[in-house]
Amino acid sequence: MHDDYDLEPQPAGVSDRALPGRAGARRPARRPATARAPRKKSGMPDEAKPARDLLSEILAKMGLGHVDIEYVPRPEGEYFEIAGPDLAMLIGRHGNTLEALNLVFNNILNAGVRNNRRYYTVDAEGYRARRADQLKSLALMTLERCIREKKPQRLEPMLPSERKIVHIALAENQFVRTESEGVEPERRVVLFPK
């Protein structure tokens with residue numbers, strides 16, 4: 001396991017701002033431990049290491065060689081969390097580049113594999129986790145409107161992975177049912193009152 005930041009040793013009592021040659025150095029500010037969402041950290045299983053190496057190779061070919069890739073098991077699946085500078089290009093507009101990377105990565109990983117396929121979700125700086133929280137909130141607000149107005153409610157067009165989050169968030173609800181309608185890239189979730 002590695003630390004989030006690679007820091008050079010410093011003399012006791014001296015901040016890095018006071019050291020010569022550090023002025024204007026780009027480095028993420030340290031956040032208090034409570035600012036991070038708690039994640040279950042565990043060692044990377046051996047079967048995930050080739051996948052991590054493949055992802056690292058793809059990112060290097062994209063020009064993102066200076067990144068850290070952390071394996072994070074979550075209840076909904078296995079994640080590779082990418083951390084590093086300037087990851088906005090990797091995320092893309094509305095997460096489209098990240099979604100495409102995830103698709104290409106998993107297709108390469110599982111090419112020719114008939115049994116025991118492995119699928120990983122690629123995330124960058126927690127973008128997908130934050131977006132999932134936003135979508136769950138949106139689903140609940142739309143649920144309330146659907147119940148109140150007693151008519152179908154259409155959400156904005158979404159990526160397939162985002163539509164899945166909304167469907168799962170409302171799957172057990174007794175007051176509405178969800179369906180996807182339309183054709184990509186304009187496919188969207190619609191909530192119908194029961």
# chains A, B, ... in the order shown; residues from 1 in each chain; ligands from 1

call {"tool": "closest_atom_pairs", "arguments": {"of": "segment 108-183 of chain A", "to": "segment 49-59 of chain A", "cutoff": "9 Å", "atoms": "only C-alpha atoms", "output": "tab-separated table"}}
result
residue	atom	partner	partner_atom	distance
A:Ile108	CA	A:Leu54	CA	8.7
A:Leu109	CA	A:Ala51	CA	6.7
A:Arg118	CA	A:Ala51	CA	9.0
A:Tyr120	CA	A:Ala51	CA	8.5
A:Val122	CA	A:Leu55	CA	8.8

call {"tool": "residues_around", "arguments": {"residues": "segment 177-187 of chain A", "least_positions_apart": "4", "cutoff": "9 Å", "atoms": "only C-alpha atoms", "output": "PyMOL selection string"}}
result
chain A and resi 156-160+163+166-167+170-173+191-194

call {"tool": "write_last_selection", "arguments": {"atoms": "N, CA and C atoms", "output": "PDB file, in the first residue's frame"}}
result
ATOM      1  N   GLU A 156     -33.549  13.454 -17.453  1.00  0.00           N
ATOM      2  CA  GLU A 156     -32.701  13.835 -18.580  1.00  0.00           C
ATOM      3  C   GLU A 156     -32.023  12.591 -19.161  1.00  0.00           C
ATOM      4  N   PRO A 157     -31.588  12.649 -20.421  1.00  0.00           N
ATOM      5  CA  PRO A 157     -30.856  11.510 -20.989  1.00  0.00           C
ATOM      6  C   PRO A 157     -29.615  11.203 -20.163  1.00  0.00           C
ATOM      7  N   MET A 158     -29.318   9.919 -20.019  1.00  0.00           N
ATOM      8  CA  MET A 158     -28.191   9.480 -19.189  1.00  0.00           C
ATOM      9  C   MET A 158     -27.427   8.365 -19.869  1.00  0.00           C
ATOM     10  N   LEU A 159     -26.221   8.162 -19.382  1.00  0.00           N
ATOM     11  CA  LEU A 159     -25.421   7.021 -19.803  1.00  0.00           C
ATOM     12  C   LEU A 159     -26.055   5.741 -19.255  1.00  0.00           C
ATOM     13  N   PRO A 160     -25.806   4.598 -19.882  1.00  0.00           N
ATOM     14  CA  PRO A 160     -26.390   3.340 -19.386  1.00  0.00           C
ATOM     15  C   PRO A 160     -26.067   3.058 -17.922  1.00  0.00           C
ATOM     16  N   ARG A 163     -28.312   5.256 -15.785  1.00  0.00           N
ATOM     17  CA  ARG A 163     -29.706   4.788 -15.762  1.00  0.00           C
ATOM     18  C   ARG A 163     -29.840   3.594 -14.816  1.00  0.00           C
ATOM     19  N   VAL A 166     -30.333   4.672 -11.225  1.00  0.00           N
ATOM     20  CA  VAL A 166     -31.692   5.145 -10.945  1.00  0.00           C
ATOM     21  C   VAL A 166     -32.645   3.956 -10.836  1.00  0.00           C
ATOM     22  N   HIS A 167     -32.550   3.017 -11.771  1.00  0.00           N
ATOM     23  CA  HIS A 167     -33.427   1.838 -11.717  1.00  0.00           C
ATOM     24  C   HIS A 167     -33.243   1.078 -10.402  1.00  0.00           C
ATOM     25  N   LEU A 170     -34.757   2.779  -7.256  1.00  0.00           N
ATOM     26  CA  LEU A 170     -36.221   2.760  -7.137  1.00  0.00           C
ATOM     27  C   LEU A 170     -36.827   1.370  -7.325  1.00  0.00           C
ATOM     28  N   ALA A 171     -35.999   0.349  -7.445  1.00  0.00           N
ATOM     29  CA  ALA A 171     -36.476  -1.007  -7.747  1.00  0.00           C
ATOM     30  C   ALA A 171     -37.453  -1.546  -6.708  1.00  0.00           C
ATOM     31  N   GLU A 172     -37.240  -1.262  -5.465  1.00  0.00           N
ATOM     32  CA  GLU A 172     -38.077  -1.815  -4.392  1.00  0.00           C
ATOM     33  C   GLU A 172     -39.239  -0.895  -4.018  1.00  0.00           C
ATOM     34  N   ASN A 173     -39.395   0.225  -4.719  1.00  0.00           N
ATOM     35  CA  ASN A 173     -40.430   1.179  -4.354  1.00  0.00           C
ATOM     36  C   ASN A 173     -41.801   0.668  -4.768  1.00  0.00           C
ATOM     37  N   LEU A 191     -40.278   7.482 -14.817  1.00  0.00           N
ATOM     38  CA  LEU A 191     -40.954   6.944 -13.642  1.00  0.00           C
ATOM     39  C   LEU A 191     -42.443   6.972 -13.893  1.00  0.00           C
ATOM     40  N   PHE A 192     -43.103   5.835 -13.656  1.00  0.00           N
ATOM     41  CA  PHE A 192     -44.564   5.740 -13.837  1.00  0.00           C
ATOM     42  C   PHE A 192     -45.185   5.433 -12.486  1.00  0.00           C
ATOM     43  N   PRO A 193     -46.274   6.140 -12.141  1.00  0.00           N
ATOM     44  CA  PRO A 193     -46.969   5.794 -10.875  1.00  0.00           C
ATOM     45  C   PRO A 193     -47.634   4.439 -11.027  1.00  0.00           C
ATOM     46  N   LYS A 194     -47.654   3.668  -9.951  1.00  0.00           N
ATOM     47  CA  LYS A 194     -48.309   2.337  -9.987  1.00  0.00           C
ATOM     48  C   LYS A 194     -49.789   2.493  -9.727  1.00  0.00           C
TER      49      LYS A 194
END

call {"tool": "select_by_dssp", "arguments": {"residues": "segment 24-190 of chain A", "states": "strand (DSSP E)", "output": "mmCIF file with N, CA and C atoms, in the first residue's frame"}}
result
data_model
loop_
_atom_site.group_PDB
_atom_site.id
_atom_site.type_symbol
_atom_site.label_atom_id
_atom_site.label_comp_id
_atom_site.auth_asym_id
_atom_site.auth_seq_id
_atom_site.Cartn_x
_atom_site.Cartn_y
_atom_site.Cartn_z
ATOM 1 N N ASP A 68 -2.004 7.206 -9.733
ATOM 2 C CA ASP A 68 -2.064 6.068 -8.821
ATOM 3 C C ASP A 68 -3.371 5.342 -9.083
ATOM 4 N N ILE A 69 -3.316 4.027 -9.088
ATOM 5 C CA ILE A 69 -4.510 3.211 -9.280
ATOM 6 C C ILE A 69 -4.689 2.349 -8.044
ATOM 7 N N GLU A 70 -5.813 2.538 -7.371
ATOM 8 C CA GLU A 70 -6.100 1.803 -6.142
ATOM 9 C C GLU A 70 -7.283 0.866 -6.377
ATOM 10 N N TYR A 71 -7.151 -0.348 -5.932
ATOM 11 C CA TYR A 71 -8.244 -1.329 -5.999
ATOM 12 C C TYR A 71 -9.157 -1.096 -4.804
ATOM 13 N N VAL A 72 -10.461 -0.943 -5.067
ATOM 14 C CA VAL A 72 -11.422 -0.699 -3.992
ATOM 15 C C VAL A 72 -12.620 -1.639 -4.171
ATOM 16 N N PRO A 73 -12.773 -2.620 -3.275
ATOM 17 C CA PRO A 73 -13.975 -3.465 -3.351
ATOM 18 C C PRO A 73 -15.159 -2.732 -2.723
ATOM 19 N N ARG A 74 -16.285 -2.718 -3.418
ATOM 20 C CA ARG A 74 -17.502 -2.089 -2.910
ATOM 21 C C ARG A 74 -18.632 -3.088 -3.040
ATOM 22 N N GLY A 77 -19.588 -3.832 -6.608
ATOM 23 C CA GLY A 77 -18.597 -4.385 -7.522
ATOM 24 C C GLY A 77 -17.180 -3.942 -7.183
ATOM 25 N N GLU A 78 -16.261 -4.335 -8.058
ATOM 26 C CA GLU A 78 -14.854 -4.006 -7.857
ATOM 27 C C GLU A 78 -14.506 -2.743 -8.647
ATOM 28 N N TYR A 79 -13.806 -1.838 -7.986
ATOM 29 C CA TYR A 79 -13.460 -0.555 -8.587
ATOM 30 C C TYR A 79 -11.951 -0.388 -8.670
ATOM 31 N N PHE A 80 -11.519 0.324 -9.695
ATOM 32 C CA PHE A 80 -10.170 0.862 -9.760
ATOM 33 C C PHE A 80 -10.321 2.371 -9.684
ATOM 34 N N GLU A 81 -9.833 2.951 -8.595
ATOM 35 C CA GLU A 81 -9.909 4.387 -8.373
ATOM 36 C C GLU A 81 -8.602 5.006 -8.842
ATOM 37 N N ILE A 82 -8.691 5.932 -9.791
ATOM 38 C CA ILE A 82 -7.522 6.610 -10.337
ATOM 39 C C ILE A 82 -7.376 7.958 -9.646
ATOM 40 N N ALA A 83 -6.175 8.233 -9.172
ATOM 41 C CA ALA A 83 -5.891 9.522 -8.536
ATOM 42 C C ALA A 83 -4.646 10.105 -9.180
ATOM 43 N N TYR A 120 -14.635 -4.601 -13.951
ATOM 44 C CA TYR A 120 -14.228 -3.584 -12.984
ATOM 45 C C TYR A 120 -14.838 -2.255 -13.411
ATOM 46 N N THR A 121 -15.123 -1.427 -12.433
ATOM 47 C CA THR A 121 -15.577 -0.075 -12.713
ATOM 48 C C THR A 121 -14.396 0.854 -12.514
ATOM 49 N N VAL A 122 -14.113 1.643 -13.529
ATOM 50 C CA VAL A 122 -13.011 2.597 -13.463
ATOM 51 C C VAL A 122 -13.581 3.930 -13.013
ATOM 52 N N ASP A 123 -13.015 4.491 -11.955
ATOM 53 C CA ASP A 123 -13.447 5.791 -11.437
ATOM 54 C C ASP A 123 -12.240 6.708 -11.352
ATOM 55 N N ALA A 124 -12.466 7.996 -11.462
ATOM 56 C CA ALA A 124 -11.383 8.975 -11.376
ATOM 57 C C ALA A 124 -11.737 10.020 -10.335
ATOM 58 N N GLN A 153 -42.911 10.815 -15.026
ATOM 59 C CA GLN A 153 -41.863 11.832 -14.954
ATOM 60 C C GLN A 153 -40.652 11.338 -15.726
ATOM 61 N N ARG A 154 -40.165 12.140 -16.663
ATOM 62 C CA ARG A 154 -39.012 11.776 -17.488
ATOM 63 C C ARG A 154 -37.776 12.507 -16.987
ATOM 64 N N VAL A 176 -43.917 3.474 -7.542
ATOM 65 C CA VAL A 176 -43.560 3.753 -8.936
ATOM 66 C C VAL A 176 -42.842 2.559 -9.553
ATOM 67 N N ARG A 177 -42.826 2.535 -10.871
ATOM 68 C CA ARG A 177 -41.991 1.596 -11.622
ATOM 69 C C ARG A 177 -41.174 2.432 -12.596
ATOM 70 N N THR A 178 -40.026 1.919 -12.993
ATOM 71 C CA THR A 178 -39.157 2.658 -13.902
ATOM 72 C C THR A 178 -38.962 1.889 -15.196
ATOM 73 N N GLU A 179 -38.795 2.631 -16.272
ATOM 74 C CA GLU A 179 -38.468 2.060 -17.582
ATOM 75 C C GLU A 179 -37.512 3.021 -18.269
ATOM 76 N N SER A 180 -36.709 2.486 -19.165
ATOM 77 C CA SER A 180 -35.877 3.326 -20.019
ATOM 78 C C SER A 180 -36.567 3.436 -21.369
ATOM 79 N N GLU A 181 -36.541 4.630 -21.949
ATOM 80 C CA GLU A 181 -37.148 4.822 -23.266
ATOM 81 C C GLU A 181 -36.249 5.707 -24.118
ATOM 82 N N ARG A 188 -33.449 7.708 -21.777
ATOM 83 C CA ARG A 188 -33.695 8.267 -20.442
ATOM 84 C C ARG A 188 -34.554 7.343 -19.601
ATOM 85 N N VAL A 189 -34.566 7.586 -18.298
ATOM 86 C CA VAL A 189 -35.416 6.843 -17.358
ATOM 87 C C VAL A 189 -36.725 7.587 -17.211
ATOM 88 N N VAL A 190 -37.820 6.828 -17.202
ATOM 89 C CA VAL A 190 -39.156 7.386 -16.962
ATOM 90 C C VAL A 190 -39.741 6.689 -15.747
#

call {"tool": "closest_residue", "arguments": {"among": "A:Arg131, A:Gly63, A:Pro152, A:Met141", "to": "Leu87 of chain A", "atoms": "only C-alpha atoms"}}
result
A:Gly63
